[in-house]
Amino acid sequence: MKPIWIVDDDQSIRFVLEKALLREDLPTRSFTNTREVLAALEQAADDDQLAPQVLVSDIRMPGGSGLDLLDKIKALHPGLPVIIMTAFSDLDSAVSAFQGGAFEYLPKPFDLPRAVELIRRAVDESQREEVAEERMVAAPEMLGQAPAMQDVFRAIGRLSQSNVTVLITGESGSGKELVARALHKHSPRANGPFVAINTAAIPKDLLESELFGHERGAFTGAQTMRRGRFEQAEGGTLFLDEIGDMPFDLQTRLLRVLSDGHFYRVGGHNSVKANVRVIAATHQDLEQRVKLGGFREDLFHRLNVIRLRLPALRERGEDVPALTRHFLQVSARQLGVEPKRISDAALAKLAAFNFPGNVRQLENICHWLTVMAPAQLIEAKDLPPEVMMAGSTGAEAHAVADAPFVASTPVAAQPVPSLPVGGGEAVSSAHAVSEHAETHAPAASTTSSWEGGLEAEAQALLAAGRTDVWDVLSRRFESRLILTALANTRGRRIEAAQKLGIGRNTITRKIQELGIE
């Protein structure tokens with residue numbers, strides 16, 4: 001990860017932040033004035049890894065203020081999150097410069113855990129933006145030759161010069177955000193920002209502030225004024241993902257914004273004009289939600305001006321080969337390796353798979369194949385277990401059913417890796433487990449529990465001569481727990497952490513370490 005840059009002429013502030021971030025495994029680089037920072041940014045122009053992930057700057061320093069530095073950085077690196085540290089006496093001047101694009105303010109004297117949490121939030125935002133930019137630059141907007149996808153492309157073309165509200169429907173993982181980005185890119189607002197928010201992933205008590213912002217003192221802990229997503233998307237597009245999960249009382253506020261184009265920050269008394277195009281998306285049946293009283297009918301009609309239905313991947317099987325080759329190229333580029341080729345037999349097996357996780361699942365499978373397939377040519381036998389066992393019947397399916405720890409891995413989780421067996425021939429660990437089960441015939445009561453499946457999996461790894469058994473199984477165990485908790489809380493990390501009995505910083509760190517989306 002790229003370092004956190006700390007800019008402050010006070011050595012004690014730099015020292016405290018450096019040590020606190022080091023404990024969180026966050027690298028740092030410190031500067032005493034703005035001239036040093038600008039010189040370092042020039043050096044980093046030729047090497048992106050030298051550039052900062054986040055910049056934390058004091059507001060008053062010899063040789064130039066933090067606000068001047070903010071202006072210059074936003075001109076050079078508009079996507080870089082900048083956190084301004086300020087004494088309470090400087091707070092008004094800092095807030096007045098909020099339009100300059102600061103990510104957040106950190107009033108002095110600050111609470112150290114809060115400062116670290118704020119910096120980590122800025123790091124998460126920065127990394128999300130980097131991934132989105134890489135995907136936008138490295139890949140075509142969307143791929144698809146299937147008739148259903150061609151209909152979507154034609155609709156995007158027809159809407160290219162329109163600012164009309166659009167509702168995108170489709171299953172999870174089918175690419176709704178890609179459609180929203182394409183609509184933005186080909187609209188008159190293309191030069192404005194594209195701001196996305198998943199309304200299902202933010203706790204109800206924070207969502208209102210995230211959308212509309214808040215005034216200083218609006219609630220406990222609101223020490224500064226903060227712009228919401230509507231203001232951040234000024235002149236551009238706001239993408240509201242999973243709109244069907246929006247709390248009912250917030251639906252009323254959203255309806256008012258869509259109706260008259262004005263809103264109030266939380267705790268505010270002056271209306272703010274919203275010059276924003278809204279694109280919403282959902283995997284739910286909103287008409288049914290309206291009938292059940294979970295979604296406002298008037299808001300539904302406001303959003304449902306133009307509806308685009310995105311087909312599931314199983315409805316466009318002819319696109320699987322092109323998408324597979326594309327994702328293999330992307331994965332190889334990300335990992336810095338030679339792209340792998342895939343055989344016709346393996347492609348046929350993939351095309352026949354149901355893909356409950358849609359395009360996102362295919363992308364994950366291609367990433368897994370780039371890492372785990374033993375040769376440059378991917379054969380059908382190299383595919384992950386959920387694909388291999390999709391059409392299995394009889395004894396083979398029964399053998400997998402006897403190993404629940406392996407077989408019941410959800411499609412969103414990392415697939416079971418291939419293991420070298422015997423002379424190096426690669427077979428899936430599910431097969432290795434079933435072979436072990438036949439050879440050693442464990443008791444039915446053992447294999448009928450997840451502990452039995454875990455034991456069998458460990459035996460298979462040990463028998464294969466692996467020396468990273470603890471790490472492999474621990475990562476899969478932690479991934480399973482976190483994915484299950486996130487599914488239970490509809491992606492809300494803080495709530496998932498509470499249910500698991502761990503801290504929110506811990507779950508954020510684990511999600512990054514385990515590569516969970």
# chains A, B, ... in the order shown; residues from 1 in each chain; ligands from 1
call {"tool": "residues_around", "arguments": {"residues": "A:Ala20", "least_positions_apart": "5", "cutoff": "9 Å", "atoms": "only C-alpha atoms", "output": "MDAnalysis selection string"}}
result
chainID A and resid 15 26 112:113 116
call {"tool": "write_last_selection", "arguments": {"atoms": "N, CA and C atoms", "output": "mmCIF file, in the first residue's frame"}}
result
data_model
loop_
_atom_site.group_PDB
_atom_site.id
_atom_site.type_symbol
_atom_site.label_atom_id
_atom_site.label_comp_id
_atom_site.auth_asym_id
_atom_site.auth_seq_id
_atom_site.Cartn_x
_atom_site.Cartn_y
_atom_site.Cartn_z
ATOM 1 N N PHE A 15 5.140 12.617 15.225
ATOM 2 C CA PHE A 15 5.592 11.408 15.925
ATOM 3 C C PHE A 15 4.405 10.566 16.396
ATOM 4 N N LEU A 26 -0.015 0.761 8.706
ATOM 5 C CA LEU A 26 -0.183 1.763 7.667
ATOM 6 C C LEU A 26 1.124 2.531 7.512
ATOM 7 N N LEU A 112 -6.788 10.201 19.469
ATOM 8 C CA LEU A 112 -5.941 9.423 18.570
ATOM 9 C C LEU A 112 -6.680 8.266 17.892
ATOM 10 N N PRO A 113 -7.473 7.450 18.615
ATOM 11 C CA PRO A 113 -8.213 6.377 17.921
ATOM 12 C C PRO A 113 -9.166 6.925 16.858
ATOM 13 N N VAL A 116 -7.095 7.838 13.788
ATOM 14 C CA VAL A 116 -6.700 6.647 13.025
ATOM 15 C C VAL A 116 -7.897 6.089 12.256
#
call {"tool": "closest_atom_pairs", "arguments": {"of": "stretch 141-249 of chain A", "to": "stretch 277-299 of chain A", "cutoff": "10 Å", "atoms": "only C-alpha atoms", "output": "JSON lines"}}
result
{"residue": "A:Ser162", "atom": "CA", "partner": "A:Arg277", "partner_atom": "CA", "distance": 9.7}
{"residue": "A:Asn163", "atom": "CA", "partner": "A:Arg277", "partner_atom": "CA", "distance": 6.2}
{"residue": "A:Val164", "atom": "CA", "partner": "A:Arg277", "partner_atom": "CA", "distance": 7.2}
{"residue": "A:Thr165", "atom": "CA", "partner": "A:Val278", "partner_atom": "CA", "distance": 5.5}
{"residue": "A:Val166", "atom": "CA", "partner": "A:Ile279", "partner_atom": "CA", "distance": 5.0}
{"residue": "A:Leu167", "atom": "CA", "partner": "A:Ala280", "partner_atom": "CA", "distance": 4.9}
{"residue": "A:Ile168", "atom": "CA", "partner": "A:Ala281", "partner_atom": "CA", "distance": 4.5}
{"residue": "A:Thr169", "atom": "CA", "partner": "A:Thr282", "partner_atom": "CA", "distance": 5.2}
{"residue": "A:Gly170", "atom": "CA", "partner": "A:His283", "partner_atom": "CA", "distance": 5.0}
{"residue": "A:Glu171", "atom": "CA", "partner": "A:His283", "partner_atom": "CA", "distance": 4.9}
{"residue": "A:Ser172", "atom": "CA", "partner": "A:His283", "partner_atom": "CA", "distance": 6.1}
{"residue": "A:Gly173", "atom": "CA", "partner": "A:His283", "partner_atom": "CA", "distance": 9.5}
{"residue": "A:Ser174", "atom": "CA", "partner": "A:His283", "partner_atom": "CA", "distance": 9.4}
{"residue": "A:Lys176", "atom": "CA", "partner": "A:Ala281", "partner_atom": "CA", "distance": 6.7}
{"residue": "A:Glu177", "atom": "CA", "partner": "A:Ala281", "partner_atom": "CA", "distance": 8.0}
{"residue": "A:Val179", "atom": "CA", "partner": "A:Ile279", "partner_atom": "CA", "distance": 9.8}
{"residue": "A:Ala180", "atom": "CA", "partner": "A:Ile279", "partner_atom": "CA", "distance": 6.7}
{"residue": "A:Arg181", "atom": "CA", "partner": "A:Ile279", "partner_atom": "CA", "distance": 9.6}
{"residue": "A:Leu183", "atom": "CA", "partner": "A:Ile279", "partner_atom": "CA", "distance": 8.8}
{"residue": "A:His184", "atom": "CA", "partner": "A:Arg277", "partner_atom": "CA", "distance": 8.8}
{"residue": "A:Ser187", "atom": "CA", "partner": "A:Arg277", "partner_atom": "CA", "distance": 10.0}
{"residue": "A:Arg189", "atom": "CA", "partner": "A:Arg277", "partner_atom": "CA", "distance": 8.3}
{"residue": "A:Phe194", "atom": "CA", "partner": "A:Arg277", "partner_atom": "CA", "distance": 9.7}
{"residue": "A:Val195", "atom": "CA", "partner": "A:Val278", "partner_atom": "CA", "distance": 9.9}
{"residue": "A:Ala196", "atom": "CA", "partner": "A:Ile279", "partner_atom": "CA", "distance": 9.4}
{"residue": "A:Ile197", "atom": "CA", "partner": "A:Ala280", "partner_atom": "CA", "distance": 9.9}
{"residue": "A:Asn198", "atom": "CA", "partner": "A:Ala281", "partner_atom": "CA", "distance": 9.4}
{"residue": "A:Phe230", "atom": "CA", "partner": "A:Val278", "partner_atom": "CA", "distance": 9.3}
{"residue": "A:Ala233", "atom": "CA", "partner": "A:Arg277", "partner_atom": "CA", "distance": 8.5}
{"residue": "A:Glu234", "atom": "CA", "partner": "A:Arg277", "partner_atom": "CA", "distance": 8.9}
{"residue": "A:Gly235", "atom": "CA", "partner": "A:Arg277", "partner_atom": "CA", "distance": 8.0}
{"residue": "A:Gly236", "atom": "CA", "partner": "A:Arg277", "partner_atom": "CA", "distance": 6.4}
{"residue": "A:Thr237", "atom": "CA", "partner": "A:Arg277", "partner_atom": "CA", "distance": 4.7}
{"residue": "A:Leu238", "atom": "CA", "partner": "A:Val278", "partner_atom": "CA", "distance": 5.0}
{"residue": "A:Phe239", "atom": "CA", "partner": "A:Ile279", "partner_atom": "CA", "distance": 4.9}
{"residue": "A:Leu240", "atom": "CA", "partner": "A:Ala280", "partner_atom": "CA", "distance": 4.6}
{"residue": "A:Asp241", "atom": "CA", "partner": "A:Ala281", "partner_atom": "CA", "distance": 4.8}
{"residue": "A:Glu242", "atom": "CA", "partner": "A:Thr282", "partner_atom": "CA", "distance": 4.4}
{"residue": "A:Ile243", "atom": "CA", "partner": "A:Thr282", "partner_atom": "CA", "distance": 5.7}
{"residue": "A:Gly244", "atom": "CA", "partner": "A:Thr282", "partner_atom": "CA", "distance": 5.9}
{"residue": "A:Asp245", "atom": "CA", "partner": "A:Thr282", "partner_atom": "CA", "distance": 8.4}
{"residue": "A:Met246", "atom": "CA", "partner": "A:Phe295", "partner_atom": "CA", "distance": 8.3}
{"residue": "A:Pro247", "atom": "CA", "partner": "A:Gly294", "partner_atom": "CA", "distance": 8.4}
{"residue": "A:Phe248", "atom": "CA", "partner": "A:Phe295", "partner_atom": "CA", "distance": 6.5}
{"residue": "A:Asp249", "atom": "CA", "partner": "A:Arg296", "partner_atom": "CA", "distance": 9.6}
call {"tool": "write_last_selection", "arguments": {"atoms": "C-alpha atoms", "output": "PDB file, in the first residue's frame"}}
result
ATOM      1  CA  SER A 162     -30.783  13.123 -21.459  1.00  0.00           C
ATOM      2  CA  ASN A 163     -30.763  14.002 -17.766  1.00  0.00           C
ATOM      3  CA  VAL A 164     -33.816  11.872 -17.005  1.00  0.00           C
ATOM      4  CA  THR A 165     -33.915   9.721 -13.854  1.00  0.00           C
ATOM      5  CA  VAL A 166     -33.191   6.036 -14.565  1.00  0.00           C
ATOM      6  CA  LEU A 167     -34.033   2.927 -12.530  1.00  0.00           C
ATOM      7  CA  ILE A 168     -31.772  -0.087 -13.205  1.00  0.00           C
ATOM      8  CA  THR A 169     -33.049  -3.499 -12.146  1.00  0.00           C
ATOM      9  CA  GLY A 170     -31.213  -6.791 -12.134  1.00  0.00           C
ATOM     10  CA  GLU A 171     -29.778  -9.493  -9.896  1.00  0.00           C
ATOM     11  CA  SER A 172     -26.814  -8.856  -7.598  1.00  0.00           C
ATOM     12  CA  GLY A 173     -23.519  -9.028  -9.445  1.00  0.00           C
ATOM     13  CA  SER A 174     -25.054  -8.428 -12.892  1.00  0.00           C
ATOM     14  CA  LYS A 176     -25.766  -2.411 -12.492  1.00  0.00           C
ATOM     15  CA  GLU A 177     -23.082   0.067 -11.446  1.00  0.00           C
ATOM     16  CA  VAL A 179     -24.532   0.613 -16.562  1.00  0.00           C
ATOM     17  CA  ALA A 180     -24.857   3.645 -14.272  1.00  0.00           C
ATOM     18  CA  ARG A 181     -21.266   4.693 -15.023  1.00  0.00           C
ATOM     19  CA  LEU A 183     -25.009   6.426 -18.542  1.00  0.00           C
ATOM     20  CA  HIS A 184     -22.985   9.093 -16.755  1.00  0.00           C
ATOM     21  CA  SER A 187     -24.403  12.136 -20.677  1.00  0.00           C
ATOM     22  CA  ARG A 189     -22.808  15.597 -17.132  1.00  0.00           C
ATOM     23  CA  PHE A 194     -19.939  10.261 -10.481  1.00  0.00           C
ATOM     24  CA  VAL A 195     -20.775   9.488  -6.848  1.00  0.00           C
ATOM     25  CA  ALA A 196     -22.043   6.045  -5.817  1.00  0.00           C
ATOM     26  CA  ILE A 197     -23.563   4.983  -2.506  1.00  0.00           C
ATOM     27  CA  ASN A 198     -24.972   1.604  -1.486  1.00  0.00           C
ATOM     28  CA  PHE A 230     -25.789  15.030  -3.001  1.00  0.00           C
ATOM     29  CA  ALA A 233     -22.193  14.922  -6.856  1.00  0.00           C
ATOM     30  CA  GLU A 234     -22.964  18.553  -7.731  1.00  0.00           C
ATOM     31  CA  GLY A 235     -23.101  18.939 -11.515  1.00  0.00           C
ATOM     32  CA  GLY A 236     -22.751  15.198 -11.999  1.00  0.00           C
ATOM     33  CA  THR A 237     -24.530  11.922 -11.253  1.00  0.00           C
ATOM     34  CA  LEU A 238     -25.538  10.309  -7.959  1.00  0.00           C
ATOM     35  CA  PHE A 239     -25.927   6.522  -8.127  1.00  0.00           C
ATOM     36  CA  LEU A 240     -28.161   5.096  -5.379  1.00  0.00           C
ATOM     37  CA  ASP A 241     -27.512   1.355  -5.312  1.00  0.00           C
ATOM     38  CA  GLU A 242     -29.945  -1.051  -3.608  1.00  0.00           C
ATOM     39  CA  ILE A 243     -32.562   1.693  -3.331  1.00  0.00           C
ATOM     40  CA  GLY A 244     -35.138  -0.901  -2.284  1.00  0.00           C
ATOM     41  CA  ASP A 245     -33.431  -1.161   1.116  1.00  0.00           C
ATOM     42  CA  MET A 246     -33.645   2.554   1.902  1.00  0.00           C
ATOM     43  CA  PRO A 247     -35.416   3.204   5.241  1.00  0.00           C
ATOM     44  CA  PHE A 248     -38.990   4.427   4.814  1.00  0.00           C
ATOM     45  CA  ASP A 249     -38.495   7.795   6.552  1.00  0.00           C
TER      46      ASP A 249
END
call {"tool": "atom_distance", "arguments": {"atom1": "atom CA of A:Thr324", "atom2": "atom CA of A:Glu363"}}
result
7.5 Å
call {"tool": "closest_residue", "arguments": {"among": "A:Ala102, A:Ala345, A:Ala122, A:Ala155", "to": "A:Arg227", "atoms": "only C-alpha atoms"}}
result
A:Ala102
call {"tool": "residues_around", "arguments": {"residues": "A:Ile378", "least_positions_apart": "3", "cutoff": "8 Å", "atoms": "only C-alpha atoms", "output": "list in words"}}
result
Lys340, Arg341, Ile342, Ser343, Ala346, Leu369, Ala373, Pro374, Ala375, Asp382 and Leu383 of chain A
call {"tool": "write_last_selection", "arguments": {"atoms": "N, CA and C atoms", "output": "PDB file, in the first residue's frame"}}
result
ATOM      1  N   LYS A 340      -3.319 -16.191 -18.877  1.00  0.00           N
ATOM      2  CA  LYS A 340      -3.544 -17.603 -19.175  1.00  0.00           C
ATOM      3  C   LYS A 340      -4.601 -17.756 -20.267  1.00  0.00           C
ATOM      4  N   ARG A 341      -4.459 -18.853 -21.023  1.00  0.00           N
ATOM      5  CA  ARG A 341      -5.430 -19.192 -22.055  1.00  0.00           C
ATOM      6  C   ARG A 341      -6.376 -20.249 -21.485  1.00  0.00           C
ATOM      7  N   ILE A 342      -7.507 -20.400 -22.123  1.00  0.00           N
ATOM      8  CA  ILE A 342      -8.492 -21.359 -21.623  1.00  0.00           C
ATOM      9  C   ILE A 342      -8.971 -22.242 -22.767  1.00  0.00           C
ATOM     10  N   SER A 343      -9.079 -23.516 -22.492  1.00  0.00           N
ATOM     11  CA  SER A 343      -9.458 -24.485 -23.523  1.00  0.00           C
ATOM     12  C   SER A 343     -10.941 -24.388 -23.846  1.00  0.00           C
ATOM     13  N   ALA A 346     -13.054 -26.202 -21.232  1.00  0.00           N
ATOM     14  CA  ALA A 346     -13.264 -25.434 -19.999  1.00  0.00           C
ATOM     15  C   ALA A 346     -14.285 -24.317 -20.229  1.00  0.00           C
ATOM     16  N   LEU A 369      -8.512 -18.612 -11.112  1.00  0.00           N
ATOM     17  CA  LEU A 369      -7.823 -19.437 -12.107  1.00  0.00           C
ATOM     18  C   LEU A 369      -6.448 -18.870 -12.445  1.00  0.00           C
ATOM     19  N   ALA A 373      -4.586 -22.144 -11.365  1.00  0.00           N
ATOM     20  CA  ALA A 373      -4.446 -23.115 -12.456  1.00  0.00           C
ATOM     21  C   ALA A 373      -2.965 -23.461 -12.641  1.00  0.00           C
ATOM     22  N   PRO A 374      -2.603 -24.769 -12.761  1.00  0.00           N
ATOM     23  CA  PRO A 374      -1.191 -25.175 -12.737  1.00  0.00           C
ATOM     24  C   PRO A 374      -0.425 -24.877 -14.014  1.00  0.00           C
ATOM     25  N   ALA A 375      -1.104 -24.689 -15.146  1.00  0.00           N
ATOM     26  CA  ALA A 375      -0.419 -24.474 -16.422  1.00  0.00           C
ATOM     27  C   ALA A 375      -0.972 -23.234 -17.101  1.00  0.00           C
ATOM     28  N   ASP A 382      -9.267 -27.912 -14.218  1.00  0.00           N
ATOM     29  CA  ASP A 382      -8.709 -26.864 -13.375  1.00  0.00           C
ATOM     30  C   ASP A 382      -9.772 -25.936 -12.791  1.00  0.00           C
ATOM     31  N   LEU A 383     -11.010 -26.045 -13.274  1.00  0.00           N
ATOM     32  CA  LEU A 383     -12.064 -25.141 -12.819  1.00  0.00           C
ATOM     33  C   LEU A 383     -12.384 -25.379 -11.350  1.00  0.00           C
TER      34      LEU A 383
END
call {"tool": "closest_residue", "arguments": {"among": "A:Arg316, A:Arg504, A:Arg60, A:Thr224", "to": "A:Ala148", "atoms": "only C-alpha atoms"}}
result
A:Arg316
call {"tool": "residues_around", "arguments": {"residues": "A:Val469", "least_positions_apart": "2", "cutoff": "12 Å", "atoms": "only C-alpha atoms", "output": "JSON, numbers by chain"}}
result
{"A": [417, 419, 454, 455, 457, 458, 459, 460, 461, 462, 463, 464, 465, 466, 467, 471, 472, 473, 474, 475, 476, 477]}
call {"tool": "write_last_selection", "arguments": {"atoms": "C-alpha atoms", "output": "PDB file, in the first residue's frame"}}
result
ATOM      1  CA  PRO A 417      -7.814 -24.152  -4.240  1.00  0.00           C
ATOM      2  CA  LEU A 419      -3.877 -29.118  -4.622  1.00  0.00           C
ATOM      3  CA  LEU A 454     -12.489 -29.394   8.332  1.00  0.00           C
ATOM      4  CA  GLU A 455     -10.552 -32.413   9.593  1.00  0.00           C
ATOM      5  CA  GLU A 457      -9.673 -30.994   4.427  1.00  0.00           C
ATOM      6  CA  ALA A 458      -6.695 -30.631   6.756  1.00  0.00           C
ATOM      7  CA  GLN A 459      -5.807 -34.289   6.174  1.00  0.00           C
ATOM      8  CA  ALA A 460      -5.900 -33.768   2.404  1.00  0.00           C
ATOM      9  CA  LEU A 461      -3.666 -30.700   2.609  1.00  0.00           C
ATOM     10  CA  LEU A 462      -1.187 -32.430   4.923  1.00  0.00           C
ATOM     11  CA  ALA A 463      -1.116 -35.536   2.747  1.00  0.00           C
ATOM     12  CA  ALA A 464      -0.339 -33.342  -0.256  1.00  0.00           C
ATOM     13  CA  GLY A 465       2.785 -32.055   1.505  1.00  0.00           C
ATOM     14  CA  ARG A 466       1.514 -28.493   1.989  1.00  0.00           C
ATOM     15  CA  THR A 467       3.369 -26.393   4.581  1.00  0.00           C
ATOM     16  CA  ASP A 471      -2.782 -20.095   6.850  1.00  0.00           C
ATOM     17  CA  VAL A 472      -4.935 -21.628   4.079  1.00  0.00           C
ATOM     18  CA  LEU A 473      -7.653 -22.956   6.390  1.00  0.00           C
ATOM     19  CA  SER A 474      -7.591 -19.943   8.727  1.00  0.00           C
ATOM     20  CA  ARG A 475      -8.135 -17.566   5.805  1.00  0.00           C
ATOM     21  CA  ARG A 476     -11.037 -19.662   4.491  1.00  0.00           C
ATOM     22  CA  PHE A 477     -12.568 -19.950   7.963  1.00  0.00           C
TER      23      PHE A 477
END
call {"tool": "atom_distance", "arguments": {"atom1": "atom CA of A:Ala274", "atom2": "atom CA of A:Ala182"}}
result
21.6 Å
